[in-house]
Every structure is written in C-alpha cells, then in structure tokens.
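run-v4.txt follows (compact mmCIF, C-alpha atoms):
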# COMPACT_ATOMS: atom_id res chain seq x y z
CA MET A 836 -22.48 -3.05 -8.35
CA ASN A 837 -19.33 -3.11 -6.24
CA GLU A 838 -16.26 -0.87 -6.14
CA PHE A 839 -14.25 -3.21 -8.36
CA GLU A 840 -16.92 -2.95 -11.00
CA TRP A 841 -16.84 0.85 -10.68
CA LEU A 842 -13.07 0.79 -11.08
CA ARG A 843 -13.34 -1.37 -14.17
CA GLN A 844 -15.95 0.93 -15.69
CA LEU A 845 -13.80 3.94 -14.82
CA ARG A 846 -10.87 2.31 -16.62
CA GLU A 847 -13.05 1.96 -19.69
CA LEU A 848 -13.94 5.66 -19.58
CA ARG A 849 -10.37 6.69 -20.28
CA GLN A 850 -11.08 7.06 -24.04
CA PRO A 851 -11.73 10.59 -25.42
CA LEU A 852 -15.29 10.85 -26.78
CA PRO A 853 -15.91 13.58 -29.43
CA PRO A 854 -19.52 14.87 -29.76
CA GLN A 855 -21.46 13.52 -32.73
CA ARG A 856 -22.28 17.06 -33.99
CA ASP A 857 -21.17 20.62 -33.27
CA LEU A 858 -23.15 21.67 -30.19
CA TRP A 859 -22.05 25.27 -30.06
CA ALA A 860 -24.49 26.63 -32.68
CA ALA A 861 -27.54 25.50 -30.66
CA ILE A 862 -26.06 26.77 -27.37
CA SER A 863 -25.29 30.14 -28.91
CA ALA A 864 -28.83 30.42 -30.31
CA VAL A 865 -30.43 29.67 -26.91
CA VAL A 866 -28.15 32.15 -25.12
CA GLU A 867 -29.03 34.86 -27.63
CA GLU A 868 -32.79 34.14 -27.39
CA ARG A 869 -32.72 34.31 -23.56
CA GLY A 870 -30.90 37.63 -23.76
CA HIS A 871 -33.71 39.04 -25.89
CA ASP A 872 -36.43 37.68 -23.55
CA ASP A 873 -34.77 39.24 -20.45
CA ASN A 874 -34.59 42.63 -22.13
CA ALA A 875 -38.25 42.45 -23.14
CA ALA A 876 -39.33 41.38 -19.60
CA SER A 877 -37.47 44.22 -17.89
CA SER A 878 -38.97 46.79 -20.25
CA THR A 879 -42.56 45.60 -19.63
CA ALA A 880 -42.35 45.01 -15.86
CA THR A 881 -45.56 45.65 -13.89
CA ALA A 882 -46.60 45.51 -10.19
CA PRO A 883 -47.05 41.95 -8.87
CA ALA A 884 -50.62 40.66 -8.68
CA PRO A 885 -52.04 40.06 -5.16
CA VAL A 886 -51.76 36.44 -4.00
CA SER A 887 -55.12 34.71 -3.81
CA GLU A 888 -56.32 32.86 -0.62
CA HIS A 889 -56.19 29.48 -2.47
CA ALA A 890 -52.64 30.09 -3.61
CA GLY A 891 -51.63 30.95 -0.03
CA ARG A 892 -53.09 27.63 1.25
CA VAL A 893 -51.18 25.70 -1.40
CA ASN A 894 -47.96 27.50 -0.40
CA ARG A 895 -48.45 26.63 3.29
CA TRP A 896 -49.04 22.95 2.39
CA SER A 897 -45.94 22.95 0.20
CA VAL A 898 -43.81 24.35 3.05
CA ALA A 899 -45.21 21.78 5.51
CA CYS A 900 -44.60 18.88 3.10
CA GLY A 901 -41.07 20.14 2.44
CA LEU A 902 -40.35 20.28 6.19
CA VAL A 903 -41.65 16.73 6.73
CA ALA A 904 -39.56 15.45 3.79
CA ALA A 905 -36.45 17.18 5.13
CA LEU A 906 -37.02 15.67 8.59
CA LEU A 907 -37.48 12.18 7.09
CA LEU A 908 -34.32 12.61 5.03
CA ALA A 909 -32.30 13.75 8.04
CA GLY A 910 -33.67 10.88 10.13
CA GLY A 911 -32.82 8.35 7.41
CA ALA A 912 -29.31 9.72 7.01
CA GLY A 913 -28.77 9.58 10.78
CA TRP A 914 -29.97 5.97 10.94
CA GLN A 915 -27.72 5.04 8.02
CA LEU A 916 -24.69 6.58 9.75
CA ALA A 917 -25.49 4.72 12.95
CA GLN A 918 -25.32 1.35 11.13
CA PRO A 919 -21.86 -0.29 10.80
CA SER A 920 -20.78 -0.25 7.15
CA ALA A 921 -19.40 -3.27 5.28
CA ASP A 922 -15.88 -1.78 5.50
CA VAL A 923 -16.14 -1.43 9.24
CA ALA A 924 -17.43 -5.00 9.51
CA VAL A 925 -14.42 -6.24 7.53
CA ALA A 926 -12.06 -4.13 9.61
CA LYS A 927 -13.56 -5.56 12.80
CA ARG A 928 -12.83 -9.09 11.60
CA THR A 929 -9.24 -8.10 10.90
CA PRO A 930 -6.86 -8.76 13.76
CA GLN A 931 -4.72 -5.89 14.90
CA GLN A 932 -2.20 -4.94 12.26
CA TRP A 933 1.20 -6.51 12.83
CA THR A 934 4.25 -4.39 12.11
CA PRO A 935 7.71 -5.99 12.10
CA VAL A 936 10.58 -4.06 13.67
CA ASP A 937 12.82 -4.77 10.68
CA PRO A 938 12.07 -2.10 8.02
CA ARG A 939 13.02 -4.60 5.28
CA LEU A 940 9.95 -6.63 6.23
CA ARG A 941 7.61 -3.80 7.21
CA GLY A 942 6.44 -2.96 3.68
CA ALA A 943 5.63 -6.59 2.94
CA ALA A 944 3.63 -6.91 6.15
CA ILE A 945 1.52 -3.87 5.18
CA GLU A 946 1.11 -5.20 1.64
CA LEU A 947 -0.03 -8.62 2.82
CA ASP A 948 -2.42 -7.11 5.34
CA ALA A 949 -3.95 -4.86 2.66
CA ALA A 950 -4.26 -7.79 0.26
CA ARG A 951 -6.03 -9.86 2.88
CA MET A 952 -8.49 -7.05 3.61
CA GLU A 953 -9.19 -6.60 -0.10
CA LEU A 954 -9.82 -10.32 -0.43
CA ASP A 955 -12.17 -10.19 2.56
CA GLN A 956 -14.06 -7.36 0.89
CA ALA A 957 -14.19 -9.21 -2.42
CA LEU A 958 -15.54 -12.27 -0.62
CA THR A 959 -18.46 -10.24 0.69
CA GLN A 960 -19.37 -9.66 -2.98
CA ALA A 961 -18.63 -13.19 -4.19
CA PRO A 962 -18.75 -15.48 -1.16
CA HIS A 963 -18.77 -18.66 -3.25
CA SER A 964 -15.69 -17.84 -5.32
CA ARG A 965 -13.26 -20.73 -4.89
CA ALA A 966 -10.47 -18.66 -6.43
CA LEU A 967 -10.87 -15.96 -3.78
CA HIS A 968 -10.85 -18.55 -0.99
CA ARG A 969 -7.67 -20.08 -2.41
CA LEU A 970 -6.04 -16.66 -2.74
CA LEU A 971 -6.98 -15.82 0.84
CA THR A 972 -5.48 -19.06 2.11
CA ARG A 973 -2.25 -18.46 0.17
CA THR A 974 -2.02 -14.85 1.36
CA GLU A 975 -2.46 -15.96 4.97
CA HIS A 976 0.22 -18.59 4.40
CA GLN A 977 2.58 -15.89 3.13
CA GLN A 978 1.80 -13.82 6.22
CA ALA A 979 2.70 -16.79 8.40
CA GLN A 980 5.97 -17.21 6.46
CA LEU A 981 6.80 -13.54 7.02
CA ARG A 982 6.16 -13.87 10.74
CA GLU A 983 8.43 -16.92 10.81
CA LEU A 984 11.11 -14.93 8.99
CA THR A 985 10.84 -12.20 11.61
CA ARG A 986 11.28 -14.74 14.38
CA GLU A 987 14.33 -16.19 12.61
CA ALA A 988 15.78 -12.71 12.28
CA GLY A 989 16.20 -12.54 16.02
CA MET B 148 52.33 19.86 20.17
CA HIS B 149 53.28 16.96 17.89
CA VAL B 150 51.42 14.54 20.15
CA ARG B 151 48.28 16.74 20.09
CA HIS B 152 48.24 16.64 16.29
CA GLY B 153 49.18 12.99 16.13
CA ILE B 154 46.29 11.60 18.21
CA PRO B 155 43.44 12.62 15.82
CA LEU B 156 45.51 11.32 12.92
CA LEU B 157 45.95 7.98 14.65
CA LEU B 158 42.24 7.83 15.48
CA CYS B 159 41.35 8.46 11.83
CA LEU B 160 43.69 5.70 10.74
CA CYS B 161 42.18 3.30 13.28
CA MET B 162 38.63 4.16 12.18
CA GLY B 163 39.62 3.72 8.56
CA GLN B 164 40.97 0.31 9.41
CA ALA B 165 37.77 -0.57 11.25
CA PHE B 166 35.54 0.34 8.29
CA ALA B 167 37.80 -1.07 5.59
CA ALA B 168 36.64 -4.11 3.62
CA THR B 169 38.79 -7.23 3.80
CA PRO B 170 39.73 -9.14 0.63
CA ILE B 171 38.47 -12.72 0.59
CA GLN B 172 40.44 -15.65 -0.79
CA LEU B 173 39.13 -19.05 0.27
CA GLN B 174 39.11 -22.52 -1.31
CA HIS B 175 37.73 -25.92 -0.37
CA ALA B 176 37.83 -29.25 -2.21
CA THR B 177 34.42 -30.78 -2.93
CA SER B 178 32.71 -33.76 -4.52
CA SER B 179 31.50 -33.33 -8.10
CA ALA B 180 27.95 -32.51 -7.01
CA PRO B 181 28.05 -31.09 -3.49
CA HIS B 182 25.40 -29.18 -1.61
CA ILE B 183 26.56 -25.64 -0.89
CA SER B 184 24.84 -23.20 1.41
CA ILE B 185 25.61 -19.48 1.00
CA SER B 186 24.35 -16.60 3.17
CA ASN B 187 24.90 -12.89 2.79
CA ILE B 188 23.04 -9.88 4.16
CA ALA B 189 23.88 -6.93 1.92
CA GLY B 190 26.05 -6.36 -1.12
CA THR B 191 26.23 -9.00 -3.85
CA VAL B 192 26.41 -12.76 -4.29
CA ASN B 193 27.69 -13.91 -7.68
CA VAL B 194 27.82 -17.66 -8.12
CA VAL B 195 29.40 -19.18 -11.22
CA GLY B 196 29.48 -22.86 -12.11
CA TRP B 197 32.79 -24.29 -13.29
CA ASP B 198 34.23 -27.68 -14.23
CA ARG B 199 36.33 -28.26 -11.12
CA ASP B 200 35.59 -30.13 -7.89
CA LEU B 201 36.46 -27.08 -5.86
CA VAL B 202 34.73 -24.14 -4.24
CA GLU B 203 36.53 -20.83 -4.46
CA VAL B 204 35.37 -17.68 -2.71
CA THR B 205 36.77 -14.26 -3.54
CA GLY B 206 35.47 -10.71 -3.12
CA MET B 207 35.45 -8.21 -0.29
CA LEU B 208 34.17 -8.84 3.21
CA GLY B 209 32.34 -5.80 4.61
CA ALA B 210 33.58 -4.21 7.81
CA GLY B 211 31.69 -5.31 10.89
CA SER B 212 31.39 -8.90 9.65
CA GLU B 213 32.55 -11.99 11.43
CA PRO B 214 35.63 -13.55 9.77
CA LEU B 215 34.52 -15.66 6.80
CA HIS B 216 35.19 -19.40 6.56
CA ILE B 217 34.09 -22.31 4.44
CA THR B 218 32.74 -24.89 6.84
CA GLY B 219 31.48 -28.46 6.44
CA SER B 220 32.58 -31.49 4.47
CA ASN B 221 33.37 -32.08 0.78
CA THR B 222 29.76 -32.96 0.08
CA ASP B 223 28.04 -30.33 2.20
CA LEU B 224 29.62 -26.91 2.64
CA ALA B 225 28.55 -23.56 4.09
CA ILE B 226 29.72 -20.01 3.44
CA LYS B 227 28.04 -17.58 5.78
CA VAL B 228 28.50 -13.84 6.16
CA ALA B 229 27.27 -12.68 9.57
CA ALA B 230 27.46 -9.46 11.54
CA GLN B 231 29.72 -9.48 14.58
CA GLY B 232 27.77 -10.43 17.70
CA SER B 233 24.42 -10.83 15.91
CA SER B 234 21.79 -13.38 16.79
CA GLY B 235 19.66 -15.08 14.12
CA TRP B 236 20.79 -15.46 10.53
CA PHE B 237 19.91 -11.86 9.85
CA ASN B 238 19.23 -9.15 12.36
CA TRP B 239 18.35 -5.54 11.64
CA GLY B 240 20.25 -4.21 14.67
CA GLY B 241 23.47 -6.04 13.76
CA ASP B 242 23.09 -5.76 10.00
CA ARG B 243 22.99 -1.94 10.13
CA ARG B 244 26.47 -1.89 11.64
CA MET B 245 27.86 -4.16 8.94
CA ALA B 246 29.09 -2.89 5.57
CA PRO B 247 28.01 -4.73 2.39
CA THR B 248 29.98 -7.80 1.37
CA GLN B 249 30.77 -8.73 -2.23
CA LEU B 250 30.94 -12.51 -2.66
CA GLU B 251 32.26 -14.16 -5.84
CA VAL B 252 31.78 -17.90 -5.51
CA ARG B 253 32.85 -20.55 -8.00
CA VAL B 254 31.19 -23.89 -7.53
CA PRO B 255 31.16 -27.27 -9.32
CA ARG B 256 28.68 -27.03 -12.18
CA ALA B 257 26.38 -29.74 -10.78
CA ALA B 258 26.28 -28.30 -7.26
CA ALA B 259 22.98 -27.99 -5.43
CA LEU B 260 22.64 -24.57 -3.84
CA THR B 261 20.79 -23.11 -0.88
CA ILE B 262 21.17 -19.34 -0.82
CA ASN B 263 19.95 -16.78 1.68
CA ALA B 264 20.56 -13.30 0.30
CA VAL B 265 18.67 -10.86 2.51
CA SER B 266 19.20 -7.56 0.71
CA ALA B 267 22.09 -8.69 -1.43
CA ALA B 268 21.67 -8.86 -5.21
CA LEU B 269 22.06 -12.46 -6.35
CA VAL B 270 23.30 -13.76 -9.69
CA ILE B 271 23.77 -17.46 -10.44
CA ASP B 272 25.30 -18.34 -13.76
CA GLY B 273 26.20 -21.63 -15.38
CA THR B 274 25.15 -24.26 -12.86
CA ASP B 275 23.59 -27.34 -14.40
CA GLY B 276 21.87 -30.27 -12.74
CA GLY B 277 21.65 -29.34 -9.07
CA ASN B 278 18.54 -28.22 -7.20
CA LEU B 279 18.31 -24.58 -6.17
CA ASP B 280 16.67 -23.20 -3.06
CA ILE B 281 16.75 -19.42 -2.86
CA HIS B 282 15.48 -16.96 -0.28
CA THR B 283 15.78 -13.20 -0.54
CA ILE B 284 14.00 -10.28 1.05
CA SER B 285 14.73 -7.20 -1.00
CA GLY B 286 17.57 -8.44 -3.16
CA ARG B 287 16.92 -9.27 -6.80
CA ALA B 288 17.69 -12.79 -8.00
CA ARG B 289 18.88 -13.40 -11.58
CA LEU B 290 19.34 -17.03 -12.46
CA ASN B 291 20.92 -18.33 -15.63
CA VAL B 292 20.85 -22.01 -14.79
CA ARG B 293 19.53 -25.42 -15.76
CA THR B 294 18.00 -27.17 -12.82
CA PRO B 295 15.61 -30.03 -12.16
CA ARG B 296 14.02 -28.15 -9.25
CA LEU B 297 14.05 -24.46 -8.43
CA LYS B 298 12.46 -22.99 -5.36
CA ALA B 299 12.76 -19.22 -5.03
CA ASN B 300 11.06 -17.16 -2.38
CA SER B 301 11.38 -13.38 -2.32
CA VAL B 302 9.61 -10.58 -0.50
CA SER B 303 10.15 -7.45 -2.59
CA GLY B 304 13.03 -8.49 -4.81
CA GLY B 305 12.29 -9.66 -8.33
CA ILE B 306 13.04 -13.16 -9.61
CA GLU B 307 14.39 -13.58 -13.14
CA LEU B 308 15.00 -17.02 -14.54
CA ALA B 309 16.89 -16.96 -17.81
CA GLY B 310 17.70 -20.67 -17.84
CA HIS B 311 15.46 -23.68 -17.57
CA ALA B 312 13.81 -25.27 -14.55
CA ASP B 313 11.94 -28.58 -14.93
CA GLN B 314 10.00 -27.82 -11.76
CA ALA B 315 9.78 -24.27 -10.46
CA GLU B 316 8.17 -22.86 -7.37
CA LEU B 317 8.49 -19.08 -7.43
CA GLN B 318 6.89 -16.84 -4.86
CA THR B 319 7.05 -13.12 -4.08
CA VAL B 320 5.05 -10.56 -2.17
CA SER B 321 5.68 -7.53 -4.37
CA GLY B 322 8.62 -8.60 -6.51
CA ASP B 323 8.12 -9.36 -10.20
CA ILE B 324 8.55 -12.87 -11.62
CA LEU B 325 10.05 -13.19 -15.07
CA ALA B 326 10.52 -16.77 -16.27
CA PRO B 327 10.55 -17.24 -20.03
CA ALA B 328 11.90 -20.80 -20.04
CA LEU B 329 10.04 -22.87 -17.48
CA GLY B 330 9.65 -26.62 -17.79
CA GLN B 331 6.48 -28.65 -17.48
CA SER B 332 5.65 -27.92 -13.88
CA ALA B 333 5.45 -24.53 -12.19
CA THR B 334 3.83 -22.87 -9.22
CA LEU B 335 3.92 -19.09 -9.41
CA GLN B 336 2.55 -16.89 -6.69
CA THR B 337 2.60 -13.16 -5.97
CA VAL B 338 0.54 -10.58 -4.15
CA SER B 339 1.22 -7.47 -6.21
CA GLY B 340 4.17 -8.30 -8.45
CA GLN B 341 3.87 -8.80 -12.20
CA ILE B 342 4.27 -12.33 -13.56
CA GLN B 343 5.49 -13.14 -17.05
CA ALA B 344 6.09 -16.81 -17.72
CA SER B 345 6.51 -19.16 -20.67
CA GLY B 346 7.15 -22.84 -20.82
CA GLY B 347 5.33 -26.11 -21.10
CA PRO B 348 3.83 -28.13 -22.44
CA TRP B 349 2.32 -27.76 -19.00
CA ARG B 350 1.77 -30.87 -16.97
CA GLN B 351 0.93 -28.67 -14.02
CA LEU B 352 0.80 -24.89 -13.83
CA THR B 353 -0.64 -23.08 -10.84
CA LEU B 354 -0.57 -19.31 -10.80
CA SER B 355 -2.08 -17.01 -8.24
CA THR B 356 -1.97 -13.25 -7.96
CA VAL B 357 -3.93 -10.85 -5.81
CA SER B 358 -3.41 -7.58 -7.68
CA GLY B 359 -0.43 -8.10 -9.96
CA ASP B 360 -0.95 -8.65 -13.68
CA ALA B 361 0.07 -11.98 -15.22
CA GLN B 362 0.90 -13.22 -18.68
CA VAL B 363 1.43 -16.93 -19.29
CA ARG B 364 2.35 -18.69 -22.50
CA GLY B 365 2.64 -22.38 -23.36
CA GLY B 366 0.83 -25.47 -24.58
CA MET B 367 -0.69 -28.25 -22.55
CA ALA B 368 0.57 -31.78 -21.89
CA VAL B 369 -1.88 -34.63 -22.59
CA ASN B 370 -3.38 -34.72 -19.10
CA GLY B 371 -2.03 -31.36 -18.03
CA LYS B 372 -3.69 -29.11 -15.46
CA LEU B 373 -3.54 -25.33 -15.57
CA ALA B 374 -5.13 -23.22 -12.85
CA ILE B 375 -4.94 -19.44 -12.59
CA ASP B 376 -6.53 -17.40 -9.80
CA SER B 377 -6.55 -13.62 -9.68
CA MET B 378 -8.40 -11.05 -7.66
CA SER B 379 -7.87 -7.71 -9.41
CA GLY B 380 -4.83 -8.48 -11.54
CA ASP B 381 -5.35 -8.71 -15.29
CA VAL B 382 -4.56 -12.14 -16.76
CA GLN B 383 -3.52 -12.96 -20.29
CA LEU B 384 -3.15 -16.60 -21.32
CA LEU B 385 -1.54 -17.36 -24.67
CA LEU B 386 -2.25 -20.83 -26.02
CA PRO B 387 -1.19 -22.51 -29.25
CA ALA B 388 -3.98 -23.02 -31.79
CA THR B 389 -3.49 -26.79 -31.47
CA VAL B 390 -4.29 -26.95 -27.76
CA THR B 391 -6.84 -29.59 -26.74
CA GLY B 392 -8.79 -30.11 -23.55
CA THR B 393 -11.49 -28.28 -21.64
CA LEU B 394 -11.23 -24.57 -20.96
CA HIS B 395 -13.17 -22.90 -18.21
CA ALA B 396 -12.71 -19.17 -17.65
CA SER B 397 -14.80 -16.86 -15.53
CA THR B 398 -14.71 -13.40 -14.08
CA PHE B 399 -16.98 -11.87 -11.47
CA SER B 400 -16.80 -8.31 -12.74
CA GLY B 401 -13.84 -8.13 -15.09
CA ASN B 402 -13.82 -8.16 -18.86
CA LEU B 403 -13.43 -11.58 -20.48
CA ARG B 404 -12.33 -12.02 -24.09
CA SER B 405 -11.26 -15.23 -25.76
CA ASP B 406 -10.07 -16.41 -29.14
CA PHE B 407 -11.41 -19.87 -28.18
CA GLY B 408 -15.22 -19.87 -28.03
CA SER B 409 -17.53 -17.03 -27.06
CA PRO B 410 -17.84 -15.85 -23.47
CA GLN B 411 -21.34 -15.57 -22.07
CA ASP B 412 -22.43 -12.66 -19.92
CA ALA B 413 -23.93 -13.43 -16.55
CA GLY B 414 -27.73 -13.38 -16.56
CA HIS B 415 -27.89 -10.71 -13.89
CA GLY B 416 -25.18 -8.22 -12.97
CA PRO B 417 -21.67 -7.97 -14.35
CA GLY B 418 -19.27 -10.77 -15.13
CA SER B 419 -19.00 -13.46 -17.75
CA LYS B 420 -17.79 -16.98 -18.22
CA LEU B 421 -16.58 -19.33 -20.89
CA ASP B 422 -16.81 -23.11 -21.05
CA VAL B 423 -15.42 -24.64 -24.18
CA ARG B 424 -14.17 -28.03 -25.29
CA LEU B 425 -11.09 -27.91 -27.50
CA GLY B 426 -10.52 -31.04 -29.55
CA ASP B 427 -10.56 -34.38 -27.78
CA GLY B 428 -7.71 -33.88 -25.29
CA HIS B 429 -7.91 -34.43 -21.55
CA ALA B 430 -6.08 -31.35 -20.34
CA THR B 431 -8.00 -28.99 -18.06
CA LEU B 432 -7.54 -25.25 -18.04
CA SER B 433 -9.28 -23.22 -15.36
CA ILE B 434 -8.94 -19.46 -14.97
CA GLU B 435 -10.87 -17.33 -12.55
CA THR B 436 -10.63 -13.64 -11.74
CA PHE B 437 -12.70 -11.46 -9.49
CA SER B 438 -12.35 -8.01 -11.04
CA GLY B 439 -9.28 -8.44 -13.19
CA ASP B 440 -9.68 -8.54 -16.95
CA LEU B 441 -9.11 -11.91 -18.58
CA ARG B 442 -7.90 -12.54 -22.09
CA VAL B 443 -7.30 -15.94 -23.70
CA ARG B 444 -5.37 -15.56 -26.93
CA LYS B 445 -4.52 -17.96 -29.71
CA VAL B 446 -0.88 -17.80 -30.83
CA GLU B 447 1.03 -19.65 -33.54

Can you turn what I pasted into structure tokens?
Amino acid sequence: MNEFEWLRQLRELRQPLPPQRDLWAAISAVVEERGHDDNAASSTATAPAPVSEHAGRVNRWSVACGLVAALLLAGGAGWQLAQPSADVAVAKRTPQQWTPVDPRLRGAAIELDAARMELDQALTQAPHSRALHRLLTRTEHQQAQLRELTREAG
Amino acid sequence: MHVRHGIPLLLCLCMGQAFAATPIQLQHATSSAPHISISNIAGTVNVVGWDRDLVEVTGMLGAGSEPLHITGSNTDLAIKVAAQGSSGWFNWGGDRRMAPTQLEVRVPRAAALTINAVSAALVIDGTDGGNLDIHTISGRARLNVRTPRLKANSVSGGIELAGHADQAELQTVSGDILAPALGQSATLQTVSGQIQASGGPWRQLTLSTVSGDAQVRGGMAVNGKLAIDSMSGDVQLLLPATVTGTLHASTFSGNLRSDFGSPQDAGHGPGSKLDVRLGDGHATLSIETFSGDLRVRKVE
C-alpha cells in the first residue's frame, strides 16, 4: 500500500460513524465491578509468598530473552536507518532545484518541481503506467517552457 | 524664505508629474482581418471587436513606460507597453519601476490576435473568425470570442472561455481552466489547476492533470479519440447515454465508478479498471488515473 492509497482511505474515513449499540452501560458495569474487586483485595492483603528456585530461573531466562530481543530490535532499526529510503532515492535523482529571480515565476517553478517529484514517486509504485510517463513528459516540457520564459524576460 | 518653501513644492509637483499616468489616444487603419500583437505587463488589456477596419487604442499609460505607438503595416500591427530602459519583453527589475497600464483596444472583428499579458488582466470580447494566441503569467484571461483556433498558455492566471473555439489548446500550471463551449478538438493541460470543460462531439480531446480535479462533458464523434491522464486529481467524465465506442478506464489506487458497465477490482492490491464496448461505434475513450478518483456518468 502506498501513500496515495493511504490518503484515499483517509478521505473515505471522513464520515461520522455512530456505534451500533450504547456502549456506556457495559463500560460502567466493568468499572463498578473492578472497584469492588480492588476494595476486597486491599482488605484481604497478606505477606507475599517466597519465590521458588524454579520461578527464579524462569525470571532470569525471561530477562535474558528480553535483552536479546531488544538488542535485535535496536540493531534492525539502526540498519533500516542506514539504508537510503525511496524518498531519498527520488530526491537524489532530482537535479538541484531551480529558482527564477522573477517572483512572478518562482511559485510556478516550485509547483512544477513538486509535481515532477510526485510523479517520480508515483512511478516507483506503478512503473508501467503510460499515463504517468506522459504526465511526466508534459510536466518536464512545461518546466522547459518556464525556463525559456525566464530567459526571454532578460 | 519664499524660495526655501518653494523648492519642496516644486519637487512634489515634478514627482507627481513623473508618476502620473498618460492618457492614450492612438489609431491606425487596417485590413479587414489583420494580425495584431498586443503586449502589456501590468494593469488591464481589454480588447473589443468592432465592424471597422481600424485599430483604436485608448486608456492610460502607466508612469515609467516607454511612449506607446502602433507599429507595423495595415495587415500586421503591434502595440507594446514596455518599461523604460528594460531588456526582454518583460523584466522584473524594469517592471517594478513601471506603473500599471490600462489598455482599451478596438480591433476589426475578424482580427487574429497575439497577446502577451504578463500580470495584466485580459478580456477579449466580440472577435469572430481570427486565431488567438495568448500568453499570460499571473493575469487572468476571459475570452468571449468565436475562433477557429485558440492557444492560451498561462502560469498561475485562470483561463475562461465563454465563446466557442473549434480547436483549443489551453495550458496552465496552477490556473483554472473553464471552457463550457469548446468545439470538436481540444488539448487541456494543467498541473494543479481545476479543469471544467464541455463541448464536442469530440473528434479529439486530450486532457492531462497532475493534481487538479477535472470535469469534462460531451459526446463523441464517429471516430473520435478521448484521452484523459491524471495522477492524483479526481476526474469526472459526463457522456450522453447514446455514446458509442470502446471505453477503457483504470485507476491504480483511486476509486472508479461508472454508469457504463461494471468496474473490476484488481486481483491483488488496490485499483480497478473498466473495459466496455458501447454500441457499434469506433470512438475510443481512454481514462487513466493513478490515485485520483474516477467517475464516468451518463447524462441526458
């Protein structure tokens, strides 16, 4: 699933969704029941039982496994960060952003550059889309026209 | 004492003179269907077609402009507003020092026009029969004309066509395109502007948008070709119930709905497509979006 798909699904989530039944009665009942249990537990509290040798071994194993898992997770995250992301790859392909001196053209240059980068990103998702290739060609043509306009402006 | 008070007063008067606009009153005889080229940088350009073989220019010339003249011959004329001492046909350094110019131009009804209106708002009203070639950057163009061929290119200004163009080529970066009376052939292109167009029956319609939404209405000519490409812009195509030909519509991750046939979801992942044969016509309709929603509607 790509970001455009996420955006589309987010757009569809804009509708208000009422619950199918009133949930509050069940919530209230659970809250009340837990309140009763806590009171009963505090009134019958006793000294903790001594931890058996077997239970201690299990605890030590659990701690060791947890540590190994945390190390693996940290290592994986580090490796992931070290890899260039798709965005960075697209940005690297993009030539240095061109900014016209004339402020009347500056906004269009930014807009065209952003559109071209979005099309590049979309093409990583759908590399065989002829429509995207045509749009990219036309956008690059418009960029060339804008550069020509800047040259004509003197 | 009098001299001391008089000098600032004189300076103010001189500065007022320097920044004052100059009334324009120019005329030039023409043929019945001349080519006229008009350039302005800021302000307005109002062009009106009339039934005389004469070009008349009135309005106010902004301070800081070169003196205005009509140049050329009876068949090919030019009216160009330029900043004093500027290079290029528009120049940000020179243009900033020039006040806006209001141009009111009357032209023979059948004149062909080439207009460069950088930031100036452009209105053309009542021309009939001549080709139009229009370039603006941020100025809006409103055209109430009948023309065999219209080419309009804008950066951020909108293009509104209230008249009729047999062939239209309209392009913007972020400006909107509104063209409710196109002819049989049109090429419409934007990056982020909205497009709303009607016309046809289409012999050829090509529309492309990167992120702007588009709505197109019209029937198809016998062997007509319609092609719409969009990345994230939503597309709505309104077709008459009698349309015939082959319709192909697809979206990579958008939502596709159609009153003609039933779209099929992709086997794996998002997206859907529609391939349907409508009657026995030979027109081809092809619409493709990446993430934009796509709707094909049947209208009476």

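Put simply, atom CA of B:Ala230 is 7.6 Å away from atom CA of B:Arg244.
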
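Here the selection is built from all atoms listed in the file, and the residues within 9 Å of (33.3, -13.4, 8.6) turn out to be Leu208, Gly209, Gly211, Ser212, Glu213, Pro214, Leu215, His216, Lys227, Val228, Ala229, Ala230 and Gln231 of chain B.
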
- Query: Do you have the atom CA of B:Glu435-atom CA of B:Leu385 distance handy?
  - Reply: 15.3 Å

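Atom to atom, atom CA of A:Arg895 and atom CA of A:Gly910 stand 22.7 Å apart.
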
Write out as a PDB file with C-alpha atoms, in the coordinates of the input each polymer residue whose atoms come within 6 Å of B:Gly277, counting only C-alpha atoms; drop sequence neighbours fewer than 6 positions from it.
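Final output, saved to around.pdb:
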ATOM      1  CA  ALA B 257      26.380 -29.740 -10.780  1.00  0.00           C
ATOM      2  CA  ALA B 258      26.280 -28.300  -7.260  1.00  0.00           C
ATOM      3  CA  ALA B 259      22.980 -27.990  -5.430  1.00  0.00           C
ATOM      4  CA  THR B 294      18.000 -27.170 -12.820  1.00  0.00           C
TER       5      THR B 294
END

- Task: Would you list the contacts of B:Arg287 as a ChimeraX atom specification, taking every protein, DNA or RNA residue within 10 Å and counting all atoms listed in the file, but skipping same-chain residues closer than 4 positions in sequence?
- Result: /B:191,264-270,283,301-307,322-323

Using all atoms listed in the file, tabulate the residues of chain B lying at most 9 Å from any atom of chain A, each with its closest atom pair and that distance in Å to one decimal, by chain and increasing residue number, as CSV.
residue,atom,partner,partner_atom,distance
B:Ser233,CA,A:Gly989,CA,8.4
B:Ser234,CA,A:Gly989,CA,5.7
B:Gly235,CA,A:Gly989,CA,4.7
B:Trp236,CA,A:Ala988,CA,6.0
B:Phe237,CA,A:Ala988,CA,4.9
B:Asn238,CA,A:Ala988,CA,5.0
B:Trp239,CA,A:Asp937,CA,5.7
B:Gly240,CA,A:Asp937,CA,8.5
B:Val265,CA,A:Arg939,CA,8.9
B:Ser266,CA,A:Arg939,CA,8.2
B:Ile284,CA,A:Arg939,CA,7.1
B:Ser285,CA,A:Arg939,CA,7.0
B:Val302,CA,A:Ala943,CA,6.6
B:Ser303,CA,A:Ala943,CA,7.2
B:Thr319,CA,A:Gln977,CA,8.9
B:Val320,CA,A:Ala943,CA,6.5
B:Ser321,CA,A:Ala943,CA,7.4
B:Gln336,CA,A:Arg973,CA,8.5
B:Thr337,CA,A:Thr974,CA,8.8
B:Val338,CA,A:Ala950,CA,7.1
B:Ser339,CA,A:Glu946,CA,8.2
B:Ser355,CA,A:Leu970,CA,6.8
B:Thr356,CA,A:Leu970,CA,7.4
B:Val357,CA,A:Ala950,CA,6.8
B:Ser358,CA,A:Ala950,CA,8.0
B:Ile375,CA,A:Ala966,CA,8.3
B:Asp376,CA,A:Ala966,CA,5.3
B:Ser377,CA,A:Ala966,CA,7.2
B:Met378,CA,A:Leu967,CA,6.7
B:Ser379,CA,A:Phe839,CA,7.9
B:Phe399,CA,A:Ala961,CA,7.6
B:Ser400,CA,A:Glu840,CA,5.6
B:Gly401,CA,A:Arg843,CA,6.8
B:Asn402,CA,A:Arg843,CA,8.3
B:Gly416,CA,A:Met836,CA,7.4
B:Pro417,CA,A:Glu840,CA,7.7
B:Ile434,CA,A:Ala966,CA,8.7
B:Glu435,CA,A:Ala966,CA,6.3
B:Thr436,CA,A:Ala966,CA,7.3
B:Phe437,CA,A:Leu967,CA,7.5
B:Ser438,CA,A:Phe839,CA,5.8
B:Gly439,CA,A:Arg843,CA,8.2
B:Asp440,CA,A:Arg843,CA,8.5
